[in-house]
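Undergrad: For reference, the structure I am asking about is given below.
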Amino acid sequence: MRFYTQQHPHYCGIDLHARTMYLCILNQAGAIVLHRNMKADPDSFLSAIAPFRDQIVVTVVTERLIPGSWSVRCSR
């Protein structure tokens, strides 16, 4: 696990389910910049975070994370 000692421009939280995910991106001030319920697949996720990709920290909440799943691969 990597620990962050600095603030980041954007923070992303994901509530991941088998077929859908709920994604929320906040800026440093805590304002919501993206709030979406969407299909749970890598293309949808990467498209949604594309404008923030270089400046974002992502946290995933799920009942279980399956090794080899797309969410594990995208986190690397």
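Chain labels follow the order of the structure tokens: the first chain is A, the next B, and so on; residue numbering restarts at 1 in every chain, and ligands are counted from 1 in their shown order.
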From segment 2-55 of chain A, collect each residue whose DSSP state is alpha helix (DSSP H) and return the set as a PyMOL selection string.

TA: chain A and resi 42-49

Undergrad: Excluding Thr59 of chain A and its own-chain neighbours fewer than 2 positions away, which residues fall within 8 Å of it when counting only C-alpha atoms? Please give them as a list in words.

TA: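 Selected residues are Cys12, Gly13, Ile14, Val57 and Val61 of chain A.
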
Undergrad: Could you dump the residues just selected with all heavy atoms as a PDB file, in the first residue's frame?

TA:
```
ATOM      1  N   CYS A  12     -10.911  10.228  -6.244  1.00  0.00           N
ATOM      2  CA  CYS A  12     -11.989   9.432  -6.829  1.00  0.00           C
ATOM      3  C   CYS A  12     -12.338   8.287  -5.890  1.00  0.00           C
ATOM      4  O   CYS A  12     -11.455   7.555  -5.445  1.00  0.00           O
ATOM      5  CB  CYS A  12     -11.541   8.882  -8.181  1.00  0.00           C
ATOM      6  SG  CYS A  12     -12.734   7.781  -8.946  1.00  0.00           S
ATOM      7  N   GLY A  13     -13.613   8.130  -5.619  1.00  0.00           N
ATOM      8  CA  GLY A  13     -14.106   6.997  -4.850  1.00  0.00           C
ATOM      9  C   GLY A  13     -15.019   6.162  -5.731  1.00  0.00           C
ATOM     10  O   GLY A  13     -15.830   6.703  -6.481  1.00  0.00           O
ATOM     11  N   ILE A  14     -14.855   4.851  -5.662  1.00  0.00           N
ATOM     12  CA  ILE A  14     -15.662   3.935  -6.477  1.00  0.00           C
ATOM     13  C   ILE A  14     -16.297   2.894  -5.574  1.00  0.00           C
ATOM     14  O   ILE A  14     -15.610   2.241  -4.785  1.00  0.00           O
ATOM     15  CB  ILE A  14     -14.802   3.209  -7.525  1.00  0.00           C
ATOM     16  CG1 ILE A  14     -14.082   4.206  -8.417  1.00  0.00           C
ATOM     17  CG2 ILE A  14     -15.654   2.253  -8.357  1.00  0.00           C
ATOM     18  CD1 ILE A  14     -13.051   3.574  -9.317  1.00  0.00           C
ATOM     19  N   VAL A  57      -6.198  10.440  -7.254  1.00  0.00           N
ATOM     20  CA  VAL A  57      -5.994   9.302  -6.364  1.00  0.00           C
ATOM     21  C   VAL A  57      -7.314   8.550  -6.353  1.00  0.00           C
ATOM     22  O   VAL A  57      -8.375   9.149  -6.175  1.00  0.00           O
ATOM     23  CB  VAL A  57      -5.634   9.762  -4.934  1.00  0.00           C
ATOM     24  CG1 VAL A  57      -5.569   8.579  -3.990  1.00  0.00           C
ATOM     25  CG2 VAL A  57      -4.324  10.525  -4.946  1.00  0.00           C
ATOM     26  N   VAL A  61     -14.075   0.589  -3.250  1.00  0.00           N
ATOM     27  CA  VAL A  61     -14.751  -0.147  -2.191  1.00  0.00           C
ATOM     28  C   VAL A  61     -15.544  -1.256  -2.867  1.00  0.00           C
ATOM     29  O   VAL A  61     -16.326  -1.003  -3.782  1.00  0.00           O
ATOM     30  CB  VAL A  61     -15.705   0.770  -1.394  1.00  0.00           C
ATOM     31  CG1 VAL A  61     -16.463  -0.037  -0.362  1.00  0.00           C
ATOM     32  CG2 VAL A  61     -14.938   1.899  -0.761  1.00  0.00           C
TER      33      VAL A  61
END
```
